[in-house]
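Accompanying notes for the structure given below.
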Amino acid sequence: MTPPLVSGRLPLRPELSGTAPYGAPQLDVPVLLNVNENPYPPAPGVVDTITEAVRSAATGLNRYPDRDFLALRSDLAAYLGTESGVSLAPEQVWAANGSNEVMLHLLQAFGGPGRTAVSFAPTYSMYPEYARDTHTRWVVGRRADDFTLDPDHARAVIARERPSVVLLASPNNPTGTALPAATVEAVCEAALGADVDGTGAPAVVVVDEAYGEFRRAGTPSALELLDRYPNLAVSRTMSKAFALAGARVGYLAASRELVDALRVVRLPYHLSAVTQAVARAALAHSTELLAQVDTLRAERDATVAWLRGRHLPDGRPLEVAASDANFVLFGRFDERHALWQGLLDRGVLIRETGPDGWLRVSIGTGKEMTAFKDALVEVAGL
Ligand code: PMP
């Protein structure tokens, strides 16, 4: 565990006192299944294109990068058009250093003192940090026992709290649950009535589709709702399906008006010339980079099926959440930390996260999943 950064001799904001920086342990073990990365590195041809793009960007590094990065936004819009069939102008796309920064921009523009952000737990544990860092009040509603979201509950929380931002992850982390289009629509409708600060303004609804490409065939993306809701932002990332977590590129699609608000809060030149070059080179090879998505989906479904057939030594069946992502949440264990440690002792790093008694495993290669299953059988006595 990282020790808390506390200092009685510095004027640290009181709400930061005693807190530790966010992040899963980064350990050097053979099987890394803890941060939902894509286990397949870029193919040699893609590495060559990226290298060439970086070499070319390097010749101009004495200059600041393109501040509005319209070429990259245009490539991202084209990619989203191919992936989801939604036509977008480059001005409707925004990007930053990972979708974490994209969502921080959203809270910087639309949250703030006296305002409220709402989400539904269990969900991504960075959301309360964006709220804390922007002095936005943080309120969580709840997901049902099967981790779905009841639209009536969502409507009631929005009507009661009148948030300026609603964060919905779909597929959700750490549960893997995808939201049906009707639920997202119900939230967008409720958000229209939020009347933020008594100005009549709607709440901004952020649908975080970091794992969107792993969703089941037939599940629509919230991108399809963009032309109906100017208060909707759909966030994506190149860190997961795209196998580019190390490049730090996240992005979103929304109305031009919403994107213009984000331009106000970004730092100047926040996306380096190197990042822009790498992202554009990677997007030119999106088919190759996304080639393993089907394999990972099949491996996920096989992992869910395998876990569902297993019982604990006391006869209880394992509980396994349905997943549309590249990870699976499973439990329940009386001593989840001991189980997590037991796997780590066998060289398999997974994530101790989610509700009490549950653990999350990212989907790796077939070989890595075999190592995970073998270690789990041994440690949990399945
Ligand atoms: N949203 C969700 C739901 C996530 O799980 C993650 C990464 N764990 C992110 C956003 C942020 O990813 P990145 O900053 O790499 O785009």
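Naming works like this for the structure tokens: A, B, ... for the chains as they're shown, residue 1 at the start of each chain, ligands 1 onward in shown order.
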Find the spatial neighbours of A:Ser235, counting only C-alpha atoms, within a cut-off of 8 Å - ignore same-chain residues fewer than 2 positions away - and output them as a PyMOL selection string. chain A and resi 99+102-103+206-210+233+237+250-253
Do you know which residues are within 8 Å of ligand 1 using only C-alpha atoms and all ligand atoms? Can you write them as a ChimeraX atom specification? /A:35-36,97-102,123-124,126,169-174,208-211,236-240,245,248-251
Please write the residues from the selection above to a file, keeping C-alpha atoms, as a compact mmCIF listing (two decimals), in the first residue's frame.
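As a result, part.txt now contains:
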# COMPACT_ATOMS: atom_id res chain seq x y z
CA VAL A 35 -5.89 -2.92 -14.55
CA ASN A 36 -7.98 -4.04 -17.53
CA ASN A 97 -4.29 12.44 -21.64
CA GLY A 98 -6.54 9.46 -20.94
CA SER A 99 -10.29 9.56 -20.43
CA ASN A 100 -9.57 10.35 -16.78
CA GLU A 101 -8.39 13.78 -17.89
CA VAL A 102 -11.34 14.12 -20.27
CA THR A 123 -18.84 2.12 -9.99
CA TYR A 124 -15.45 3.47 -11.08
CA MET A 126 -11.95 7.66 -9.73
CA ALA A 169 -20.18 3.95 -16.80
CA SER A 170 -21.37 1.52 -19.45
CA PRO A 171 -20.00 -1.14 -19.38
CA ASN A 172 -19.51 -0.32 -15.72
CA ASN A 173 -16.24 -0.81 -13.85
CA PRO A 174 -15.85 -2.96 -11.72
CA ASP A 208 -18.25 6.57 -19.80
CA GLU A 209 -17.74 3.94 -22.52
CA ALA A 210 -14.09 3.18 -21.73
CA TYR A 211 -14.93 -0.48 -22.41
CA ARG A 236 -14.06 6.66 -24.80
CA THR A 237 -10.41 5.68 -24.48
CA MET A 238 -7.59 4.18 -26.52
CA SER A 239 -6.32 2.45 -23.34
CA LYS A 240 -8.43 -0.72 -23.46
CA ALA A 245 -2.80 2.39 -22.45
CA ARG A 248 -2.51 8.07 -22.60
CA VAL A 249 -5.23 9.08 -25.05
CA GLY A 250 -8.88 9.40 -24.06
CA TYR A 251 -11.59 11.29 -25.90
Need to verify the contact set: A:Gly331, 10 Å, only C-alpha atoms, exclusion of same-chain residues closer than 6 positions in sequence. Can you return it as a ChimeraX atom specification? /A:307,312,317-321,354-360
Would you save the residues from that selection as a compact mmCIF listing (two decimals), in the first residue's frame, using all heavy atoms?
# COMPACT_ATOMS: atom_id res chain seq x y z
N LEU A 307 -16.18 -19.84 -14.28
CA LEU A 307 -16.36 -19.43 -12.89
C LEU A 307 -17.75 -19.83 -12.39
O LEU A 307 -17.91 -20.25 -11.23
CB LEU A 307 -16.18 -17.91 -12.75
CG LEU A 307 -14.74 -17.37 -12.87
CD1 LEU A 307 -14.74 -15.86 -13.09
CD2 LEU A 307 -13.92 -17.72 -11.63
N LEU A 312 -17.41 -23.14 -3.85
CA LEU A 312 -16.45 -23.00 -2.74
C LEU A 312 -16.46 -24.28 -1.91
O LEU A 312 -17.41 -25.07 -2.01
CB LEU A 312 -16.85 -21.78 -1.89
CG LEU A 312 -16.71 -20.45 -2.62
CD1 LEU A 312 -17.46 -19.34 -1.89
CD2 LEU A 312 -15.24 -20.10 -2.77
N PRO A 317 -22.04 -21.79 -4.52
CA PRO A 317 -21.52 -21.54 -5.86
C PRO A 317 -20.83 -20.17 -5.91
O PRO A 317 -21.20 -19.27 -5.17
CB PRO A 317 -22.78 -21.52 -6.73
CG PRO A 317 -23.91 -21.22 -5.81
CD PRO A 317 -23.51 -21.66 -4.42
N LEU A 318 -19.84 -20.01 -6.79
CA LEU A 318 -19.28 -18.68 -7.00
C LEU A 318 -20.34 -17.80 -7.63
O LEU A 318 -21.14 -18.26 -8.44
CB LEU A 318 -18.08 -18.74 -7.95
CG LEU A 318 -16.75 -19.26 -7.43
CD1 LEU A 318 -15.67 -19.05 -8.49
CD2 LEU A 318 -16.35 -18.56 -6.14
N GLU A 319 -20.35 -16.53 -7.25
CA GLU A 319 -21.24 -15.57 -7.91
C GLU A 319 -20.40 -14.82 -8.94
O GLU A 319 -19.28 -14.41 -8.65
CB GLU A 319 -21.81 -14.60 -6.88
CG GLU A 319 -22.77 -15.28 -5.91
CD GLU A 319 -23.20 -14.35 -4.80
OE1 GLU A 319 -23.82 -13.32 -5.10
OE2 GLU A 319 -22.89 -14.65 -3.64
N VAL A 320 -20.96 -14.65 -10.12
CA VAL A 320 -20.19 -14.06 -11.22
C VAL A 320 -21.08 -13.03 -11.92
O VAL A 320 -22.17 -13.36 -12.38
CB VAL A 320 -19.75 -15.15 -12.22
CG1 VAL A 320 -18.80 -14.56 -13.25
CG2 VAL A 320 -19.12 -16.32 -11.51
N ALA A 321 -20.61 -11.78 -12.00
CA ALA A 321 -21.40 -10.73 -12.64
C ALA A 321 -21.36 -10.89 -14.17
O ALA A 321 -20.30 -11.21 -14.72
CB ALA A 321 -20.86 -9.36 -12.25
N GLY A 354 -14.36 -3.47 -5.76
CA GLY A 354 -15.78 -3.82 -5.82
C GLY A 354 -16.34 -4.05 -4.43
O GLY A 354 -15.66 -3.86 -3.42
N PRO A 355 -17.62 -4.48 -4.37
CA PRO A 355 -18.24 -4.68 -3.06
C PRO A 355 -17.48 -5.73 -2.25
O PRO A 355 -16.77 -6.56 -2.82
CB PRO A 355 -19.64 -5.20 -3.41
CG PRO A 355 -19.83 -4.93 -4.86
CD PRO A 355 -18.49 -4.80 -5.49
N ASP A 356 -17.68 -5.68 -0.94
CA ASP A 356 -17.02 -6.64 -0.04
C ASP A 356 -17.13 -8.07 -0.52
O ASP A 356 -18.22 -8.51 -0.88
CB ASP A 356 -17.73 -6.58 1.33
CG ASP A 356 -16.92 -5.75 2.30
OD1 ASP A 356 -15.91 -5.17 1.86
OD2 ASP A 356 -17.32 -5.70 3.48
N GLY A 357 -16.02 -8.78 -0.51
CA GLY A 357 -16.06 -10.20 -0.84
C GLY A 357 -15.89 -10.51 -2.32
O GLY A 357 -15.79 -11.67 -2.70
N TRP A 358 -15.84 -9.48 -3.18
CA TRP A 358 -15.70 -9.71 -4.62
C TRP A 358 -14.28 -9.37 -5.06
O TRP A 358 -13.60 -8.55 -4.44
CB TRP A 358 -16.68 -8.83 -5.40
CG TRP A 358 -18.12 -9.12 -5.18
CD1 TRP A 358 -18.87 -8.77 -4.09
CD2 TRP A 358 -19.02 -9.80 -6.08
NE1 TRP A 358 -20.16 -9.19 -4.26
CE2 TRP A 358 -20.29 -9.82 -5.47
CE3 TRP A 358 -18.87 -10.38 -7.34
CZ2 TRP A 358 -21.41 -10.41 -6.08
CZ3 TRP A 358 -19.98 -10.96 -7.95
CH2 TRP A 358 -21.23 -10.98 -7.31
N LEU A 359 -13.86 -9.97 -6.16
CA LEU A 359 -12.57 -9.67 -6.78
C LEU A 359 -12.79 -9.48 -8.28
O LEU A 359 -13.75 -10.01 -8.84
CB LEU A 359 -11.60 -10.83 -6.56
CG LEU A 359 -11.12 -11.07 -5.13
CD1 LEU A 359 -10.48 -12.45 -4.99
CD2 LEU A 359 -10.12 -9.99 -4.71
N ARG A 360 -11.88 -8.75 -8.91
CA ARG A 360 -12.02 -8.51 -10.35
C ARG A 360 -10.80 -9.04 -11.09
O ARG A 360 -9.66 -8.76 -10.68
CB ARG A 360 -12.17 -7.01 -10.61
CG ARG A 360 -12.60 -6.67 -12.04
CD ARG A 360 -12.42 -5.20 -12.32
NE ARG A 360 -11.00 -4.87 -12.42
CZ ARG A 360 -10.51 -3.64 -12.39
NH1 ARG A 360 -11.29 -2.60 -12.27
NH2 ARG A 360 -9.20 -3.43 -12.50
Excluding same-chain residues fewer than 6 positions from stretch 158-168 of chain A, what lies within 8 Å of it counting only C-alpha atoms, as an MDAnalysis selection string? chainID A and resid 107 110:111 115:120 127 190:191 193:196 202:208
Using the chain letters and numbers from this document, which residues of stretch 102-287 of chain A does DSSP assign to strand (DSSP E or B), as a count of residues only? 35
Using DSSP on the backbone, list every residue of stretch 67-234 of chain A that comes out as alpha helix (DSSP H), and give them as a ChimeraX atom specification. /A:70-84,99-110,127-133,151-161,181-192
